[in-house]
>>> print(open('entry_24.cif').read())   # mmCIF, C-alpha atoms
data_final
#
loop_
_atom_site.label_atom_id
_atom_site.label_comp_id
_atom_site.auth_asym_id
_atom_site.auth_seq_id
_atom_site.Cartn_x
_atom_site.Cartn_y
_atom_site.Cartn_z
CA MET A 157 -18.85 30.44 15.63
CA ALA A 158 -18.05 27.39 17.68
CA TYR A 159 -19.82 24.25 16.49
CA ASP A 160 -22.81 23.29 18.63
CA TYR A 161 -22.14 19.61 19.32
CA GLU A 162 -24.16 19.69 22.55
CA LYS A 163 -27.38 19.84 20.56
CA TYR A 164 -26.88 16.15 19.66
CA LEU A 165 -25.35 14.92 22.92
CA ARG A 166 -27.12 13.60 26.00
CA PRO A 167 -26.72 16.20 28.73
CA GLY A 168 -24.36 15.41 31.58
CA LYS A 169 -22.57 12.53 29.83
CA LEU A 170 -19.28 14.30 29.12
CA PRO A 171 -16.39 13.87 29.72
CA HIS A 172 -16.50 10.58 27.83
CA ILE A 173 -14.64 7.44 28.94
CA TRP A 174 -12.14 7.27 26.07
CA CYS A 175 -8.46 7.64 26.88
CA PRO A 176 -6.53 10.88 26.28
CA GLY A 177 -5.90 11.22 22.54
CA CYS A 178 -8.24 8.39 21.49
CA GLY A 179 -9.56 9.10 18.00
CA HIS A 180 -13.06 7.83 18.80
CA GLY A 181 -14.00 11.30 20.04
CA ILE A 182 -12.84 12.83 16.74
CA ALA A 183 -14.96 10.28 14.86
CA MET A 184 -17.98 11.00 17.09
CA LYS A 185 -17.70 14.71 16.30
CA GLY A 186 -17.52 13.82 12.60
CA LEU A 187 -20.66 11.70 12.95
CA ILE A 188 -22.49 14.57 14.67
CA ARG A 189 -21.54 16.99 11.89
CA ALA A 190 -22.65 14.46 9.26
CA ILE A 191 -26.01 13.92 11.01
CA ASP A 192 -26.45 17.69 11.19
CA THR A 193 -25.62 18.08 7.48
CA CYS A 194 -28.11 15.37 6.51
CA GLY A 195 -30.77 16.82 8.82
CA LEU A 196 -31.60 13.50 10.50
CA GLU A 197 -34.30 13.67 13.17
CA LYS A 198 -33.52 12.43 16.66
CA ASN A 199 -36.71 10.37 16.94
CA ASN A 200 -36.27 8.81 13.53
CA THR A 201 -32.61 7.82 13.82
CA ALA A 202 -31.30 4.70 15.51
CA ILE A 203 -27.63 4.38 16.43
CA VAL A 204 -26.68 0.79 17.19
CA SER A 205 -23.46 -0.65 18.58
CA GLY A 206 -22.01 -3.89 19.93
CA ILE A 207 -19.37 -4.08 22.64
CA GLY A 208 -16.05 -2.30 22.91
CA CYS A 209 -14.56 1.17 23.16
CA ALA A 210 -16.13 2.31 19.89
CA SER A 211 -19.43 0.80 20.92
CA ARG A 212 -19.69 3.21 23.83
CA LEU A 213 -20.36 5.96 21.31
CA PRO A 214 -24.18 5.70 21.12
CA GLY A 215 -24.40 6.21 24.88
CA TYR A 216 -23.40 9.84 24.41
CA MET A 217 -25.68 10.52 21.47
CA ASP A 218 -29.18 11.90 22.02
CA PHE A 219 -30.95 9.63 19.51
CA CYS A 220 -32.72 6.28 19.64
CA THR A 221 -29.77 4.13 20.65
CA LEU A 222 -29.16 0.45 21.17
CA HIS A 223 -26.13 -1.12 22.87
CA THR A 224 -26.18 -4.81 21.96
CA ALA A 225 -24.22 -8.05 22.29
CA HIS A 226 -20.59 -8.26 21.15
CA GLY A 227 -20.39 -8.23 17.36
CA ARG A 228 -24.15 -8.40 16.89
CA ALA A 229 -24.79 -4.73 16.13
CA ALA A 230 -25.39 -5.35 12.42
CA ALA A 231 -27.93 -8.08 13.22
CA PHE A 232 -29.89 -5.86 15.63
CA ALA A 233 -29.68 -2.96 13.18
CA THR A 234 -31.04 -5.20 10.41
CA GLY A 235 -33.96 -6.02 12.72
CA ILE A 236 -34.71 -2.34 13.32
CA LYS A 237 -34.52 -1.56 9.63
CA MET A 238 -36.79 -4.47 8.70
CA ALA A 239 -39.41 -3.49 11.29
CA ARG A 240 -39.17 0.26 10.70
CA PRO A 241 -37.77 0.81 7.19
CA GLU A 242 -38.44 4.56 7.43
CA MET A 243 -35.84 4.96 10.18
CA ASP A 244 -32.28 6.03 9.51
CA VAL A 245 -30.03 3.37 11.01
CA ILE A 246 -26.39 3.97 11.84
CA VAL A 247 -24.17 1.23 13.25
CA VAL A 248 -20.95 2.03 15.09
CA GLY A 249 -18.37 -0.52 16.11
CA GLY A 250 -14.72 -1.37 16.31
CA ASP A 251 -12.56 -3.61 14.15
CA GLY A 252 -12.69 -6.56 16.54
CA ASP A 253 -16.42 -6.19 17.14
CA GLY A 254 -17.21 -5.83 13.45
CA THR A 255 -14.81 -8.15 11.67
CA ALA A 256 -13.91 -10.89 14.18
CA ILE A 257 -16.68 -11.54 16.66
CA GLY A 258 -19.32 -10.06 14.37
CA GLY A 259 -17.62 -10.98 11.11
CA ASN A 260 -20.53 -13.00 9.80
CA HIS A 261 -23.12 -10.38 10.70
CA PHE A 262 -20.95 -7.79 8.98
CA ILE A 263 -20.52 -9.65 5.68
CA HIS A 264 -24.16 -10.70 5.50
CA ALA A 265 -25.42 -7.18 6.18
CA CYS A 266 -23.14 -6.11 3.31
CA ARG A 267 -24.45 -8.94 1.10
CA ARG A 268 -28.10 -7.95 1.67
CA ASN A 269 -27.35 -4.32 0.81
CA ILE A 270 -29.75 -3.13 3.49
CA ASN A 271 -30.02 0.65 3.68
CA MET A 272 -27.89 1.57 6.68
CA THR A 273 -24.56 3.16 7.48
CA TYR A 274 -21.91 1.13 9.28
CA ILE A 275 -19.05 3.12 10.75
CA ILE A 276 -16.06 0.97 11.70
CA LEU A 277 -13.55 2.64 13.99
CA ASN A 278 -10.50 0.57 13.18
CA ASN A 279 -7.89 1.07 15.89
CA SER A 280 -6.08 -2.20 15.12
CA ILE A 281 -6.64 -3.70 18.56
CA TYR A 282 -9.19 -4.83 21.15
CA GLY A 283 -8.80 -1.78 23.38
CA MET A 284 -11.41 -2.21 26.09
CA THR A 285 -10.66 -5.83 26.93
CA GLY A 286 -6.93 -5.31 27.40
CA GLY A 287 -5.13 -5.01 24.07
CA GLN A 288 -5.61 -8.45 22.52
CA PHE A 289 -4.79 -8.65 18.80
CA SER A 290 -7.67 -8.24 16.37
CA PRO A 291 -7.94 -9.21 12.67
CA CYS A 292 -6.72 -5.68 11.88
CA THR A 293 -3.59 -5.72 14.04
CA PRO A 294 -0.68 -5.31 11.59
CA THR A 295 1.54 -8.36 11.06
CA GLY A 296 4.47 -8.22 13.45
CA ALA A 297 2.82 -5.75 15.82
CA MET A 298 2.80 -6.28 19.57
CA ALA A 299 -0.42 -6.92 21.46
CA SER A 300 -1.05 -8.36 24.91
CA THR A 301 -1.71 -11.78 23.36
CA THR A 302 1.15 -11.63 20.83
CA PRO A 303 4.22 -10.94 22.99
CA TYR A 304 6.55 -11.97 20.13
CA GLY A 305 4.70 -10.05 17.45
CA ASN A 306 1.50 -10.82 15.57
CA PRO A 307 2.02 -13.68 13.07
CA ASP A 308 -1.36 -13.20 11.34
CA PRO A 309 -2.00 -11.36 8.08
CA THR A 310 -4.62 -8.60 8.41
CA PHE A 311 -8.07 -7.95 7.06
CA ASP A 312 -8.57 -5.06 4.68
CA ILE A 313 -12.02 -4.07 5.96
CA SER A 314 -12.91 -1.97 2.92
CA LYS A 315 -12.00 -4.75 0.46
CA LEU A 316 -13.90 -7.22 2.62
CA ALA A 317 -16.99 -4.99 2.48
CA ILE A 318 -16.72 -4.53 -1.29
CA GLY A 319 -16.28 -8.27 -1.77
CA ALA A 320 -19.25 -9.02 0.48
CA GLY A 321 -21.52 -6.73 -1.53
CA ALA A 322 -21.71 -3.33 0.20
CA THR A 323 -22.58 -0.61 -2.31
CA PHE A 324 -20.78 2.34 -0.72
CA VAL A 325 -17.36 1.90 0.82
CA ALA A 326 -15.18 4.76 2.02
CA ARG A 327 -12.13 5.08 4.24
CA THR A 328 -10.46 7.88 6.11
CA THR A 329 -8.43 8.33 9.29
CA SER A 330 -8.88 10.18 12.56
CA PHE A 331 -6.14 12.57 11.41
CA HIS A 332 -8.31 13.64 8.46
CA ALA A 333 -11.00 15.01 10.77
CA ALA A 334 -12.59 17.30 8.18
CA GLN A 335 -13.06 14.38 5.77
CA ILE A 336 -14.86 12.17 8.31
CA ASP A 337 -18.18 14.05 8.26
CA LYS A 338 -18.19 14.38 4.48
CA LEU A 339 -17.78 10.64 3.94
CA ILE A 340 -20.32 9.71 6.64
CA ALA A 341 -22.83 12.18 5.18
CA GLU A 342 -22.34 10.66 1.74
CA GLY A 343 -22.82 7.21 3.27
CA ILE A 344 -26.04 8.26 5.04
CA LYS A 345 -27.43 9.68 1.80
CA HIS A 346 -26.52 6.56 -0.17
CA LYS A 347 -29.37 4.07 -0.53
CA GLY A 348 -27.90 0.70 0.41
CA MET A 349 -25.23 -0.62 2.75
CA SER A 350 -22.58 2.05 3.39
CA ILE A 351 -19.34 1.14 5.11
CA ILE A 352 -17.15 3.96 6.40
CA GLU A 353 -13.87 2.71 7.82
CA ILE A 354 -12.07 5.21 10.02
CA LEU A 355 -8.48 4.27 10.82
CA ASP A 356 -8.04 5.28 14.39
CA ASP A 357 -5.33 5.56 17.02
CA CYS A 358 -5.31 3.68 20.30
CA PRO A 359 -2.45 5.21 22.30
CA THR A 360 -3.14 3.17 25.44
CA THR A 361 -3.22 -0.46 24.34
CA TYR A 362 -1.66 -0.28 20.86
CA GLY A 363 0.61 2.77 20.81
CA ARG A 364 2.65 2.16 23.92
CA ARG A 365 3.30 -1.49 23.00
CA ASN A 366 4.41 -0.53 19.50
CA LYS A 367 6.96 2.21 20.12
CA PHE A 368 4.74 5.20 19.51
CA ARG A 369 5.95 7.74 22.03
CA SER A 370 2.73 9.70 22.00
CA VAL A 371 -0.64 10.08 20.33
CA ILE A 372 0.95 12.76 18.14
CA ASP A 373 3.30 10.13 16.64
CA MET A 374 0.28 7.95 15.88
CA MET A 375 -1.56 10.86 14.24
CA LYS A 376 1.49 11.68 12.11
CA ARG A 377 1.74 8.06 11.03
CA LEU A 378 -1.91 8.14 9.90
CA LYS A 379 -1.12 11.30 7.95
CA ASP A 380 1.92 9.68 6.31
CA ILE A 381 0.32 6.40 5.25
CA ALA A 382 -2.92 7.88 3.86
CA VAL A 383 -3.08 8.43 0.10
CA PRO A 384 -6.24 9.87 -1.51
CA VAL A 385 -7.73 7.55 -4.16
CA ALA A 386 -7.31 10.19 -6.88
CA ALA A 387 -3.60 10.63 -6.13
CA ALA A 388 -2.97 6.87 -5.97
CA GLY A 389 -3.69 6.49 -9.70
CA LYS A 390 -0.56 8.48 -10.52
CA MET A 391 1.68 6.56 -8.11
CA THR A 392 3.76 3.46 -8.81
CA ALA A 393 3.29 0.19 -6.95
CA GLU A 394 6.57 0.91 -5.18
CA GLN A 395 5.37 4.28 -3.94
CA LEU A 396 2.12 2.73 -2.72
CA GLU A 397 3.94 0.13 -0.61
CA GLY A 398 2.67 0.37 2.96
CA LYS A 399 0.13 3.09 2.14
CA ILE A 400 -3.63 2.96 2.56
CA LEU A 401 -6.13 4.52 0.18
CA THR A 402 -8.59 7.09 1.55
CA GLY A 403 -11.75 8.58 0.14
CA VAL A 404 -14.68 6.89 -1.59
CA LEU A 405 -13.32 3.48 -2.63
CA TYR A 406 -16.45 1.99 -4.15
CA LYS A 407 -19.94 3.11 -5.07
CA GLU A 408 -22.68 1.24 -6.87
CA GLU A 409 -26.17 2.61 -7.46
CA ASN A 410 -27.94 -0.22 -9.27
CA LYS A 411 -27.98 -3.07 -6.76
CA PRO A 412 -31.49 -3.56 -5.26
CA GLU A 413 -31.94 -2.43 -1.66
CA TYR A 414 -33.08 -5.15 0.75
CA CYS A 415 -36.05 -3.45 2.46
CA GLU A 416 -37.56 -2.53 -0.90
CA GLN A 417 -37.12 -6.09 -2.15
CA TYR A 418 -38.73 -7.40 1.03
CA ALA A 419 -41.70 -5.04 0.68
CA LYS A 420 -42.20 -6.37 -2.85
CA LEU A 421 -42.08 -9.93 -1.51
CA ILE A 422 -44.77 -9.12 1.09
CA ALA A 423 -46.94 -7.56 -1.61
CA LYS A 424 -46.47 -10.65 -3.78
CA ALA A 425 -47.35 -13.02 -0.91
CA LYS A 426 -50.52 -11.01 -0.25
CA GLY A 427 -51.42 -11.50 -3.87
CA ALA A 428 -51.36 -7.81 -4.72
CA MET B 291 -13.07 36.33 19.42
CA SER B 292 -12.12 33.96 22.19
CA ILE B 293 -10.90 30.42 22.68
CA GLU B 294 -12.70 28.55 25.42
CA VAL B 295 -11.11 25.53 27.11
CA ILE B 296 -13.53 23.41 29.12
CA GLU B 297 -11.05 22.20 31.72
CA ARG B 298 -13.36 19.53 33.10
CA TYR B 299 -13.38 17.79 29.69
CA CYS B 300 -9.70 18.26 28.75
CA LYS B 301 -7.59 15.10 29.19
CA GLY B 302 -4.32 16.70 28.13
CA CYS B 303 -3.66 14.70 24.95
CA SER B 304 -2.00 17.81 23.42
CA ILE B 305 -3.39 17.17 19.91
CA CYS B 306 -4.60 20.80 19.75
CA VAL B 307 -1.20 22.13 20.84
CA GLU B 308 0.58 20.08 18.16
CA PHE B 309 -1.73 20.89 15.26
CA CYS B 310 -2.25 24.60 15.95
CA PRO B 311 -0.46 26.27 13.01
CA LYS B 312 0.19 29.50 14.97
CA ASN B 313 1.38 28.03 18.25
CA VAL B 314 -1.44 29.68 20.19
CA LEU B 315 -1.85 26.87 22.72
CA GLU B 316 0.48 25.24 25.20
CA MET B 317 0.29 22.64 27.93
CA ASP B 318 -0.07 23.77 31.52
CA GLY B 319 0.53 20.51 33.34
CA PHE B 320 -2.15 18.11 32.07
CA ILE B 321 -4.52 20.82 30.83
CA VAL B 322 -4.23 22.95 27.70
CA LYS B 323 -3.82 26.70 28.13
CA VAL B 324 -4.49 29.50 25.65
CA ALA B 325 -1.09 31.16 25.81
CA ARG B 326 -1.13 33.53 22.83
CA PRO B 327 -4.78 34.31 21.92
CA ASP B 328 -3.83 37.30 19.76
CA ASP B 329 -2.01 35.02 17.30
CA CYS B 330 -5.15 32.97 16.59
CA ILE B 331 -6.26 32.99 12.95
CA LYS B 332 -9.56 31.15 13.62
CA CYS B 333 -8.61 28.13 11.49
CA MET B 334 -10.62 25.99 13.97
CA GLN B 335 -8.13 23.10 13.78
CA CYS B 336 -8.08 22.76 17.58
CA GLU B 337 -11.86 22.63 17.84
CA LEU B 338 -12.09 20.18 14.92
CA ARG B 339 -9.44 17.80 16.26
CA CYS B 340 -10.11 17.84 20.02
CA PRO B 341 -11.39 14.32 20.82
CA ASP B 342 -12.87 15.49 24.13
CA PHE B 343 -15.18 18.36 23.09
CA ALA B 344 -13.00 20.49 25.35
CA ILE B 345 -12.07 23.42 23.12
CA LYS B 346 -14.30 25.95 21.39
CA VAL B 347 -13.32 28.86 19.19
CA HIS B 348 -15.87 31.67 19.40
CA THR B 349 -15.39 33.85 16.34
CA ASP B 350 -17.99 36.53 17.02
#
>>> encode(input="entry_24.cif", output="structure tokens")
Amino acid sequence: MAYDYEKYLRPGKLPHIWCPGCGHGIAMKGLIRAIDTCGLEKNNTAIVSGIGCASRLPGYMDFCTLHTAHGRAAAFATGIKMARPEMDVIVVGGDGDGTAIGGNHFIHACRRNINMTYIILNNSIYGMTGGQFSPCTPTGAMASTTPYGNPDPTFDISKLAIGAGATFVARTTSFHAAQIDKLIAEGIKHKGMSIIEILDDCPTTYGRRNKFRSVIDMMKRLKDIAVPVAAAGKMTAEQLEGKILTGVLYKEENKPEYCEQYAKLIAKAKGA
Amino acid sequence: MSIEVIERYCKGCSICVEFCPKNVLEMDGFIVKVARPDDCIKCMQCELRCPDFAIKVHTD
């Protein structure tokens, strides 16, 4: 039986605006399957985004959605969660939105360990604004603002999230479509800040500047560089050169969740 | 069993054509076409990977 994605989509919104072959659509389908698995209610779920290609995602989803200022999705989502702690809050954004313009909001949401799920669609570039380099553009890669190659080292978003204090960090790619919903579902069920990084392909602004002949080449690259965490333990440092780890990278159950701590603080202030 | 292509949604990225293990699909200009439906083994790879919600595999 074909999967009923329409049940969770706003009617009349498709086809979406993403370019042919863009992995954001694959990630959106994964998110829908994860929401379905977890049984989240439309009226009790908020999907929040900033600005960018990835941030167009909530516009298609038939939930409570919020399209906010560039990079500020985590801040708005924190506000929703503080005011309505019973809601399930999911944040969606790109690598530039989340780790450059909204870098501080991202790390501090991680630090607070507030119970929400942040899905970062990392396509290594600012796609919507014209292909400027982002903190995740690989060193040496071409972007519209690095015509001689990108001189900057890159962020490892997952390591950044772990270092900042997120308690569930997972990574996959848009090639591993069947893994996306499983990791997002695990993140939604986890109590605390869950970061799911999805390495994505941007054929239009990244691929064609970096000698990928087609989106298929980009997909095959994602397949080649991904190594499951379990398999990585048996590999040498040499074999792991240039690879990225996928799967659940970090999970911690004991760190206090922010909304619960805040509720305790209110009770204390009231003298209860 | 049938494979439905919603032509209005298809952007012709050819991901489904590439990752179909039985070579059921092919490109017809900028739109995907179900060329060999009898070879389909219902693995659902095309439906899973299509970024545009444009392909559905009806198994019943």
>>> closest_atom_pairs(input="entry_24.cif", of="chain A", to="chain B", cutoff="12 Å", atoms="only C-alpha atoms", output="CSV")
residue,atom,partner,partner_atom,distance
A:Met157,CA,B:Thr349,CA,4.9
A:Ala158,CA,B:His348,CA,5.1
A:Tyr159,CA,B:Lys346,CA,7.6
A:Asp160,CA,B:Lys346,CA,9.3
A:Tyr161,CA,B:Phe343,CA,8.0
A:Glu162,CA,B:Phe343,CA,9.1
A:Leu165,CA,B:Phe343,CA,10.7
A:Gly168,CA,B:Tyr299,CA,11.4
A:Lys169,CA,B:Tyr299,CA,10.6
A:Leu170,CA,B:Tyr299,CA,6.9
A:Pro171,CA,B:Tyr299,CA,4.9
A:His172,CA,B:Asp342,CA,7.1
A:Ile173,CA,B:Asp342,CA,9.5
A:Trp174,CA,B:Asp342,CA,8.5
A:Cys175,CA,B:Lys301,CA,7.9
A:Pro176,CA,B:Cys303,CA,5.0
A:Gly177,CA,B:Cys303,CA,4.8
A:Cys178,CA,B:Pro341,CA,6.7
A:Gly179,CA,B:Pro341,CA,6.2
A:His180,CA,B:Pro341,CA,7.0
A:Gly181,CA,B:Pro341,CA,4.1
A:Ile182,CA,B:Pro341,CA,4.6
A:Ala183,CA,B:Pro341,CA,8.0
A:Met184,CA,B:Pro341,CA,8.3
A:Lys185,CA,B:Pro341,CA,7.8
A:Gly186,CA,B:Leu338,CA,8.7
A:Ile188,CA,B:Phe343,CA,11.8
A:Arg189,CA,B:Leu338,CA,10.4
A:Tyr216,CA,B:Phe343,CA,11.9
A:Thr329,CA,B:Arg339,CA,11.8
A:Ser330,CA,B:Arg339,CA,8.5
A:Phe331,CA,B:Arg339,CA,7.9
A:His332,CA,B:Arg339,CA,8.9
A:Ala333,CA,B:Arg339,CA,6.4
A:Ala334,CA,B:Leu338,CA,7.3
A:Gln335,CA,B:Leu338,CA,10.9
A:Ile336,CA,B:Leu338,CA,10.7
A:Asp337,CA,B:Leu338,CA,10.9
A:Asp356,CA,B:Pro341,CA,11.6
A:Asp357,CA,B:Pro341,CA,11.3
A:Pro359,CA,B:Cys303,CA,9.9
A:Thr360,CA,B:Cys303,CA,11.6
A:Ser370,CA,B:Cys303,CA,8.6
A:Val371,CA,B:Cys303,CA,7.2
A:Ile372,CA,B:Ile305,CA,6.4
A:Asp373,CA,B:Ile305,CA,10.2
A:Met374,CA,B:Ile305,CA,10.7
A:Met375,CA,B:Ile305,CA,8.7
A:Lys376,CA,B:Phe309,CA,10.3
>>> closest_residue(input="entry_24.cif", among="A:Gly195, A:Pro214, A:Gly286, A:Pro309", to="Arg166 in chain A", atoms="all atoms listed in the file")
A:Pro214
>>> resolve_selection(input="entry_24.cif", expression="the PyMOL selection byres ((chain B and resi 315) around 9)", output="CSV table (one decimal) with C-alpha atoms, in the frame of the given file")
chain,number,residue,atom,x,y,z
B,306,CYS,CA,-4.6,20.8,19.8
B,307,VAL,CA,-1.2,22.1,20.8
B,308,GLU,CA,0.6,20.1,18.2
B,310,CYS,CA,-2.2,24.6,16.0
B,312,LYS,CA,0.2,29.5,15.0
B,313,ASN,CA,1.4,28.0,18.2
B,314,VAL,CA,-1.4,29.7,20.2
B,316,GLU,CA,0.5,25.2,25.2
B,317,MET,CA,0.3,22.6,27.9
B,322,VAL,CA,-4.2,23.0,27.7
B,323,LYS,CA,-3.8,26.7,28.1
B,324,VAL,CA,-4.5,29.5,25.6
B,325,ALA,CA,-1.1,31.2,25.8
B,326,ARG,CA,-1.1,33.5,22.8
B,327,PRO,CA,-4.8,34.3,21.9
>>> atom_distance(input="entry_24.cif", atom1="CA of Ala231 in chain A", atom2="CA of His261 in chain A")
5.9 Å
>>> atom_distance(input="entry_24.cif", atom1="CA of Ala239 in chain A", atom2="CA of Ile276 in chain A")
23.8 Å
>>> atom_distance(input="entry_24.cif", atom1="CA of Ala265 in chain A", atom2="CA of Ala230 in chain A")
6.5 Å
>>> resolve_selection(input="entry_24.cif", expression="the PyMOL selection byres ((chain A and resi 241-249) around 9)", output="PyMOL selection string")
chain A and resi 196-197+199-214+227+229-230+233-234+236-240+250-254+271-278+344+415-416
>>> closest_residue(input="entry_24.cif", among="A:Phe262, A:Leu405, A:Val385, A:Pro303", to="Lys315 in chain A", atoms="all atoms listed in the file")
A:Leu405
>>> axis_aligned_box(input="entry_24.cif", around="range 168-178 of chain A", padding_each_side="6 Å", output="lines of an AutoDock Vina configuration file")
center_x = -15.1
center_y = 11.3
center_z = 26.5
size_x = 30.5
size_y = 20.1
size_z = 22.1
>>> resolve_selection(input="entry_24.cif", expression="the PyMOL selection byres ((chain A and resi 287-297) around 10)", output="number ranges by chain")
A: 250-257, 259, 278-286, 298-313, 358, 360-362, 365-367
>>> write_last_selection(input="entry_24.cif", atoms="C-alpha atoms", output="JSON list (two decimals), keeping the file's coordinate frame")
[["chain", "number", "residue", "atom", "x", "y", "z"],
["A", 250, "GLY", "CA", -14.72, -1.37, 16.31],
["A", 251, "ASP", "CA", -12.56, -3.61, 14.15],
["A", 252, "GLY", "CA", -12.69, -6.56, 16.54],
["A", 253, "ASP", "CA", -16.42, -6.19, 17.14],
["A", 254, "GLY", "CA", -17.21, -5.83, 13.45],
["A", 255, "THR", "CA", -14.81, -8.15, 11.67],
["A", 256, "ALA", "CA", -13.91, -10.89, 14.18],
["A", 257, "ILE", "CA", -16.68, -11.54, 16.66],
["A", 259, "GLY", "CA", -17.62, -10.98, 11.11],
["A", 278, "ASN", "CA", -10.50, 0.57, 13.18],
["A", 279, "ASN", "CA", -7.89, 1.07, 15.89],
["A", 280, "SER", "CA", -6.08, -2.20, 15.12],
["A", 281, "ILE", "CA", -6.64, -3.70, 18.56],
["A", 282, "TYR", "CA", -9.19, -4.83, 21.15],
["A", 283, "GLY", "CA", -8.80, -1.78, 23.38],
["A", 284, "MET", "CA", -11.41, -2.21, 26.09],
["A", 285, "THR", "CA", -10.66, -5.83, 26.93],
["A", 286, "GLY", "CA", -6.93, -5.31, 27.40],
["A", 298, "MET", "CA", 2.80, -6.28, 19.57],
["A", 299, "ALA", "CA", -0.42, -6.92, 21.46],
["A", 300, "SER", "CA", -1.05, -8.36, 24.91],
["A", 301, "THR", "CA", -1.71, -11.78, 23.36],
["A", 302, "THR", "CA", 1.15, -11.63, 20.83],
["A", 303, "PRO", "CA", 4.22, -10.94, 22.99],
["A", 304, "TYR", "CA", 6.55, -11.97, 20.13],
["A", 305, "GLY", "CA", 4.70, -10.05, 17.45],
["A", 306, "ASN", "CA", 1.50, -10.82, 15.57],
["A", 307, "PRO", "CA", 2.02, -13.68, 13.07],
["A", 308, "ASP", "CA", -1.36, -13.20, 11.34],
["A", 309, "PRO", "CA", -2.00, -11.36, 8.08],
["A", 310, "THR", "CA", -4.62, -8.60, 8.41],
["A", 311, "PHE", "CA", -8.07, -7.95, 7.06],
["A", 312, "ASP", "CA", -8.57, -5.06, 4.68],
["A", 313, "ILE", "CA", -12.02, -4.07, 5.96],
["A", 358, "CYS", "CA", -5.31, 3.68, 20.30],
["A", 360, "THR", "CA", -3.14, 3.17, 25.44],
["A", 361, "THR", "CA", -3.22, -0.46, 24.34],
["A", 362, "TYR", "CA", -1.66, -0.28, 20.86],
["A", 365, "ARG", "CA", 3.30, -1.49, 23.00],
["A", 366, "ASN", "CA", 4.41, -0.53, 19.50],
["A", 367, "LYS", "CA", 6.96, 2.21, 20.12]]
>>> closest_residue(input="entry_24.cif", among="A:Lys390, A:His223, A:Lys198, A:Arg268", to="Tyr418 in chain A", atoms="all atoms listed in the file")
A:Arg268
